[in-house]
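Visitor: Provided herewith: input-v7.cif, mmCIF, C-alpha atoms.
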```
data_target
#
loop_
_atom_site.group_PDB
_atom_site.id
_atom_site.type_symbol
_atom_site.label_atom_id
_atom_site.label_comp_id
_atom_site.auth_asym_id
_atom_site.auth_seq_id
_atom_site.Cartn_x
_atom_site.Cartn_y
_atom_site.Cartn_z
ATOM 1 C CA MET V 268 21.227 -36.250 69.692
ATOM 2 C CA PRO V 269 18.319 -38.759 69.895
ATOM 3 C CA PRO V 270 19.206 -42.393 69.042
ATOM 4 C CA GLU V 271 17.031 -42.298 65.911
ATOM 5 C CA PHE V 272 19.381 -39.596 64.623
ATOM 6 C CA PRO V 273 22.906 -40.758 65.389
ATOM 7 C CA ASP V 274 25.821 -38.407 64.802
ATOM 8 C CA PHE V 275 27.443 -38.330 61.407
ATOM 9 C CA ARG V 276 30.925 -39.733 60.963
ATOM 10 C CA LEU V 277 32.639 -37.066 58.930
ATOM 11 C CA GLY V 278 36.025 -37.572 57.385
ATOM 12 C CA SER V 279 38.127 -35.590 54.988
ATOM 13 C CA VAL V 280 37.095 -37.632 51.928
ATOM 14 C CA LEU V 281 33.589 -36.918 50.653
ATOM 15 C CA ALA V 282 32.812 -40.277 49.021
ATOM 16 C CA THR V 283 33.925 -42.480 51.912
ATOM 17 C CA SER V 284 32.299 -40.131 54.441
ATOM 18 C CA PHE V 285 29.099 -40.619 52.478
ATOM 19 C CA THR V 286 29.386 -44.408 52.718
ATOM 20 C CA ALA V 287 29.744 -43.918 56.491
ATOM 21 C CA THR V 288 26.114 -42.829 56.636
ATOM 22 C CA LEU V 289 25.515 -46.563 57.135
ATOM 23 C CA THR V 290 27.877 -47.997 59.724
ATOM 24 C CA GLU V 291 28.436 -51.330 61.438
ATOM 25 C CA ARG V 292 27.416 -53.059 58.212
ATOM 26 C CA ARG V 293 28.460 -56.478 59.540
ATOM 27 C CA GLY V 294 27.047 -55.996 63.010
ATOM 28 C CA GLU V 295 23.969 -54.090 64.068
ATOM 29 C CA ALA V 296 23.785 -51.620 61.189
ATOM 30 C CA VAL V 297 23.305 -47.942 62.065
ATOM 31 C CA GLU V 298 21.477 -45.896 59.414
ATOM 32 C CA ARG V 299 22.529 -42.268 59.773
ATOM 33 C CA ILE V 300 20.251 -40.922 57.004
ATOM 34 C CA PRO V 301 16.951 -42.653 57.849
ATOM 35 C CA ALA V 302 14.797 -39.836 56.471
ATOM 36 C CA PRO V 303 15.066 -37.221 53.723
ATOM 37 C CA HIS V 304 15.742 -34.371 56.171
ATOM 38 C CA ARG V 305 18.784 -36.252 57.528
ATOM 39 C CA LEU V 306 20.249 -36.412 54.009
ATOM 40 C CA VAL V 307 19.701 -32.636 53.808
ATOM 41 C CA ASP V 308 21.593 -32.324 57.126
ATOM 42 C CA TRP V 309 24.481 -34.526 55.924
ATOM 43 C CA LEU V 310 24.779 -32.646 52.638
ATOM 44 C CA ALA V 311 24.846 -29.320 54.516
ATOM 45 C CA VAL V 312 27.686 -30.352 56.845
ATOM 46 C CA SER V 313 29.522 -31.714 53.792
ATOM 47 C CA GLY V 314 29.414 -28.420 51.901
ATOM 48 C CA LEU V 315 26.637 -29.448 49.508
ATOM 49 C CA ALA V 316 23.654 -27.654 51.037
ATOM 50 C CA VAL V 317 20.234 -28.259 49.518
ATOM 51 C CA ASP V 318 16.870 -26.931 50.667
ATOM 52 C CA SER V 319 14.903 -30.150 50.541
ATOM 53 C CA CYS V 320 14.943 -33.815 49.653
ATOM 54 C CA THR V 321 12.196 -36.190 48.586
ATOM 55 C CA THR V 322 11.914 -39.849 49.484
ATOM 56 C CA ALA V 323 12.783 -40.716 45.864
ATOM 57 C CA GLN V 324 15.967 -38.607 46.107
ATOM 58 C CA LEU V 325 16.864 -40.321 49.393
ATOM 59 C CA ASP V 326 16.465 -43.660 47.599
ATOM 60 C CA LEU V 327 18.842 -42.442 44.840
ATOM 61 C CA ALA V 328 21.317 -41.336 47.490
ATOM 62 C CA ARG V 329 21.223 -44.686 49.286
ATOM 63 C CA GLU V 330 21.639 -46.525 45.980
ATOM 64 C CA LEU V 331 24.692 -44.377 45.249
ATOM 65 C CA ARG V 332 26.050 -44.910 48.770
ATOM 66 C CA GLU V 333 25.802 -48.676 48.460
ATOM 67 C CA SER V 334 27.306 -48.632 44.963
ATOM 68 C CA ILE V 335 30.265 -46.578 46.173
ATOM 69 C CA HIS V 336 30.713 -48.915 49.133
ATOM 70 C CA THR V 337 30.578 -51.984 46.871
ATOM 71 C CA ALA V 338 33.020 -50.558 44.323
ATOM 72 C CA ALA V 339 35.398 -49.169 46.963
ATOM 73 C CA THR V 340 35.393 -52.501 48.805
ATOM 74 C CA ALA V 341 36.224 -54.310 45.558
ATOM 75 C CA ALA V 342 38.984 -51.809 44.761
ATOM 76 C CA ALA V 343 40.455 -52.088 48.280
ATOM 77 C CA SER V 344 40.443 -55.889 47.934
ATOM 78 C CA GLN V 345 41.891 -55.604 44.425
ATOM 79 C CA ASP V 346 38.869 -57.397 42.990
ATOM 80 C CA ALA V 347 37.047 -56.575 39.764
ATOM 81 C CA LEU V 348 34.658 -53.660 40.104
ATOM 82 C CA PRO V 349 31.021 -54.815 40.006
ATOM 83 C CA ALA V 350 29.411 -53.585 36.794
ATOM 84 C CA ALA V 351 26.106 -52.637 38.444
ATOM 85 C CA ALA V 352 27.859 -50.469 41.047
ATOM 86 C CA VAL V 353 29.996 -48.799 38.385
ATOM 87 C CA GLN V 354 26.871 -48.046 36.343
ATOM 88 C CA VAL V 355 25.098 -46.369 39.264
ATOM 89 C CA ILE V 356 28.177 -44.270 40.110
ATOM 90 C CA ASN V 357 28.577 -43.216 36.470
ATOM 91 C CA ASP V 358 24.871 -42.426 36.091
ATOM 92 C CA ARG V 359 24.790 -40.255 39.236
ATOM 93 C CA SER V 360 27.988 -38.481 38.162
ATOM 94 C CA ALA V 361 26.609 -37.677 34.705
ATOM 95 C CA GLN V 362 23.173 -36.533 35.907
ATOM 96 C CA GLY V 363 24.345 -33.556 37.943
ATOM 97 C CA ARG V 364 25.193 -30.019 36.923
ATOM 98 C CA ALA V 365 27.347 -28.886 39.838
ATOM 99 C CA ALA V 366 30.291 -26.616 39.171
ATOM 100 C CA ALA V 367 33.519 -26.280 41.106
ATOM 101 C CA ILE V 368 34.153 -22.692 42.135
ATOM 102 C CA LEU V 369 37.186 -21.045 43.707
ATOM 103 C CA THR V 370 36.626 -18.973 46.844
ATOM 104 C CA PRO V 371 38.594 -15.769 47.553
ATOM 105 C CA GLU V 372 40.433 -17.817 50.221
ATOM 106 C CA GLY V 373 41.690 -20.164 47.529
ATOM 107 C CA GLU V 374 39.433 -23.095 48.424
ATOM 108 C CA ARG V 375 37.294 -25.186 46.103
ATOM 109 C CA ARG V 376 33.558 -25.196 46.805
ATOM 110 C CA TRP V 377 30.662 -26.625 44.838
ATOM 111 C CA ARG V 378 27.860 -24.604 43.309
ATOM 112 C CA LEU V 379 24.720 -26.619 42.690
ATOM 113 C CA SER V 380 22.361 -25.683 39.853
ATOM 114 C CA SER V 381 19.618 -24.959 42.396
ATOM 115 C CA ALA V 382 19.228 -25.129 46.148
ATOM 116 C CA SER V 383 16.894 -28.111 45.866
ATOM 117 C CA CYS V 384 18.949 -30.190 43.461
ATOM 118 C CA VAL V 385 19.966 -33.278 45.405
ATOM 119 C CA GLU V 386 21.001 -34.846 42.088
ATOM 120 C CA ASP V 387 23.736 -32.192 41.709
ATOM 121 C CA ALA V 388 25.043 -32.997 45.185
ATOM 122 C CA LEU V 389 25.006 -36.719 44.392
ATOM 123 C CA SER V 390 26.956 -36.051 41.198
ATOM 124 C CA VAL V 391 29.709 -34.370 43.230
ATOM 125 C CA ILE V 392 29.861 -37.369 45.572
ATOM 126 C CA ALA V 393 29.938 -39.780 42.614
ATOM 127 C CA ALA V 394 32.726 -37.806 40.929
ATOM 128 C CA ASP V 395 34.723 -37.917 44.169
ATOM 129 C CA ALA V 396 34.230 -41.694 44.318
ATOM 130 C CA ILE V 397 35.404 -42.034 40.723
ATOM 131 C CA SER V 398 38.541 -40.062 41.527
ATOM 132 C CA ILE V 399 39.356 -42.269 44.504
ATOM 133 C CA ILE V 400 38.504 -45.625 42.954
ATOM 134 C CA ALA V 401 40.398 -44.747 39.769
ATOM 135 C CA GLY V 402 43.505 -44.073 41.866
ATOM 136 C CA GLU V 403 43.793 -40.414 40.879
ATOM 137 C CA ARG V 404 44.431 -39.186 44.430
ATOM 138 C CA ASP V 405 47.364 -39.674 46.754
ATOM 139 C CA GLY V 406 46.305 -42.399 49.165
ATOM 140 C CA ARG V 407 44.861 -45.876 49.088
ATOM 141 C CA LEU V 408 41.501 -47.494 49.643
ATOM 142 C CA ALA V 409 41.462 -49.820 52.636
ATOM 143 C CA LEU V 410 38.916 -51.741 54.676
ATOM 144 C CA CYS V 411 38.364 -51.168 58.387
ATOM 145 C CA ALA V 412 39.864 -53.960 60.503
ATOM 146 C CA SER V 413 36.825 -54.009 62.793
ATOM 147 C CA PRO V 414 34.920 -57.260 62.141
ATOM 148 C CA THR V 415 31.555 -55.518 62.588
ATOM 149 C CA CYS V 416 32.408 -52.501 60.441
ATOM 150 C CA GLN V 417 34.679 -53.302 57.502
ATOM 151 C CA ALA V 418 33.932 -49.894 55.970
ATOM 152 C CA ALA V 419 35.943 -48.777 52.987
ATOM 153 C CA PHE V 420 38.039 -45.728 53.819
ATOM 154 C CA PHE V 421 40.677 -43.667 52.056
ATOM 155 C CA ASP V 422 44.022 -43.901 53.834
ATOM 156 C CA THR V 423 46.159 -40.802 53.396
ATOM 157 C CA SER V 424 48.477 -41.535 56.323
ATOM 158 C CA GLN V 425 52.163 -41.238 55.535
ATOM 159 C CA SER V 426 52.756 -44.996 55.791
ATOM 160 C CA ARG V 427 49.383 -45.973 54.228
ATOM 161 C CA THR V 428 48.963 -48.611 56.955
ATOM 162 C CA ARG V 429 45.946 -47.256 58.827
ATOM 163 C CA LYS V 430 43.728 -50.092 60.126
ATOM 164 C CA TRP V 431 40.548 -48.342 61.227
ATOM 165 C CA CYS V 432 37.996 -46.226 59.397
ATOM 166 C CA ASP V 433 37.791 -44.059 62.506
ATOM 167 C CA MET V 434 40.172 -44.337 65.442
ATOM 168 C CA ASN V 435 37.629 -42.718 67.781
ATOM 169 C CA THR V 436 35.077 -45.471 67.194
ATOM 170 C CA CYS V 437 36.305 -48.678 65.599
ATOM 171 C CA GLY V 438 39.932 -48.300 66.691
ATOM 172 C CA ASN V 439 39.093 -47.514 70.298
ATOM 173 C CA ARG V 440 36.537 -50.309 70.445
ATOM 174 C CA GLN V 441 39.126 -52.839 69.272
ATOM 175 C CA LYS V 442 41.832 -51.523 71.597
ATOM 176 C CA LYS V 443 39.406 -51.667 74.539
ATOM 177 C CA ALA V 444 38.434 -55.264 73.669
ATOM 178 C CA ARG V 445 42.114 -56.262 73.469
ATOM 179 C CA PHE V 446 42.860 -54.529 76.804
ATOM 180 C CA ASN V 447 39.915 -56.271 78.519
ATOM 181 C CA ALA V 448 40.988 -59.648 77.129
ATOM 182 C CA ASN V 449 44.520 -59.093 78.452
ATOM 183 C CA GLN V 450 43.104 -58.076 81.844
ATOM 184 C CA ARG V 451 41.028 -61.284 81.998
ATOM 185 C CA LYS V 452 44.111 -63.353 81.129
ATOM 186 C CA ALA V 453 46.156 -61.639 83.804
ATOM 187 C CA THR V 454 43.417 -62.198 86.386
ATOM 188 C CA ARG V 455 43.135 -65.908 85.517
ATOM 189 C CA SER V 456 46.886 -66.499 85.726
ATOM 190 C CA THR V 457 47.198 -64.991 89.212
#
```
Once you've parsed the file, please lay out its structure as structure tokens.

Guide:
Amino acid sequence: MPPEFPDFRLGSVLATSFTATLTERRGEAVERIPAPHRLVDWLAVSGLAVDSCTTAQLDLARELRESIHTAATAAASQDALPAAAVQVINDRSAQGRAAAILTPEGERRWRLSSASCVEDALSVIAADAISIIAGERDGRLALCASPTCQAAFFDTSQSRTRKWCDMNTCGNRQKKARFNANQRKATRST
């Protein structure tokens, strides 16, 4: 994939996967939805397919993403939730008309009011964020231990002690840095 369209980081939790469309927030930030068509792509791989997206809808999506990130970070740090972020999440949640449907396989899917209704998709993401931040799901919000990332993620591991938002990126990067530092120490002491 070309560098202007980096791969999506997809997890099992919709709201925190959505916040991962902007990564390395404390380093060299990587925007994974730089254009409306990339939001369409992300929504499709997340089970919320829409036909199109305008620049104004992309702006709404980014505002929601940042509000979820801000509120989830506060919740993970056990700080007060910022009122402005809560307002955006609530507004996006209330503005959609998506419906949960049950598939014949017994899975929940979302039906949007129309194939071009990004607002419906955003309402599903906002509702997922509300569920997580309110503590309604089994797991805990945590912050990535990577100093350049610090993404909020939802830890559903058995021990609830996960340190990285994604072991394949942040975790491996940190382990590699620690290994290289130990190698340098060993080389200097010989």

Visitor: If I take CA of Val317 in chain V and CA of Val391 in chain V, how far is one from the other in Å, to one decimal?

Guide: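 Between these atoms lies a distance of 12.9 Å.
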
Visitor: My list of candidates is V:Ala328, V:Ala341, V:Ile335, V:Ile392. Which is closest to Gln354 in chain V when distances are computed with all atoms listed in the file?

Guide: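 Nearest candidate to Gln354 in chain V out of V:Ala328, V:Ala341, V:Ile335, V:Ile392: V:Ile335.
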
Visitor: Can you measure CA of Cys320 in chain V to CA of Glu374 in chain V for me? One decimal in Å is fine.

Guide: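 Interatomic distance here is 26.8 Å.
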
Visitor: Taking only residues of range 397-438 of chain V that have an atom at most 8 Å from an atom of range 290-296 of chain V, what is each one's shortest atom pair and its distance in Å to one decimal, using all atoms listed in the file, in chain and number order, as CSV?

Guide:
```
residue,atom,partner,partner_atom,distance
V:Pro414,CA,V:Arg293,CA,7.0
V:Thr415,CA,V:Arg293,CA,4.4
V:Cys416,CA,V:Glu291,CA,4.3
V:Gln417,CA,V:Arg293,CA,7.3
V:Ala418,CA,V:Thr290,CA,7.4
```

Visitor: Nearest to Ser380 in chain V: which of V:Lys430, V:Arg364, V:His336, V:Arg440 is it, counting all atoms listed in the file?

Guide: V:Arg364

Visitor: Which one of V:Gly278, V:Thr428, V:Leu310, V:Thr321 sits closest to Leu379 in chain V if you count all atoms listed in the file?

Guide: V:Leu310

Visitor: Check the smallest atom-to-atom distance from each of V:Ala351, V:Leu327, V:Ala453, V:Leu281 to Val385 in chain V using all atoms listed in the file, then report the winner.

Guide: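 The closest residue to Val385 in chain V is V:Leu327.
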
Visitor: For a test of reading the model, state the distance in Å between CA of Glu298 in chain V and CA of Leu277 in chain V, rounded to one decimal.

Guide: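 These atoms are spaced 14.2 Å apart.
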
Visitor: List, as a VMD selection string, every residue that the PyMOL selection byres ((chain V and resi 365-367) around 10) selects in the file provided.

Guide: chain V and resid 315 360 362 to 364 368 to 370 374 to 381 384 386 to 391
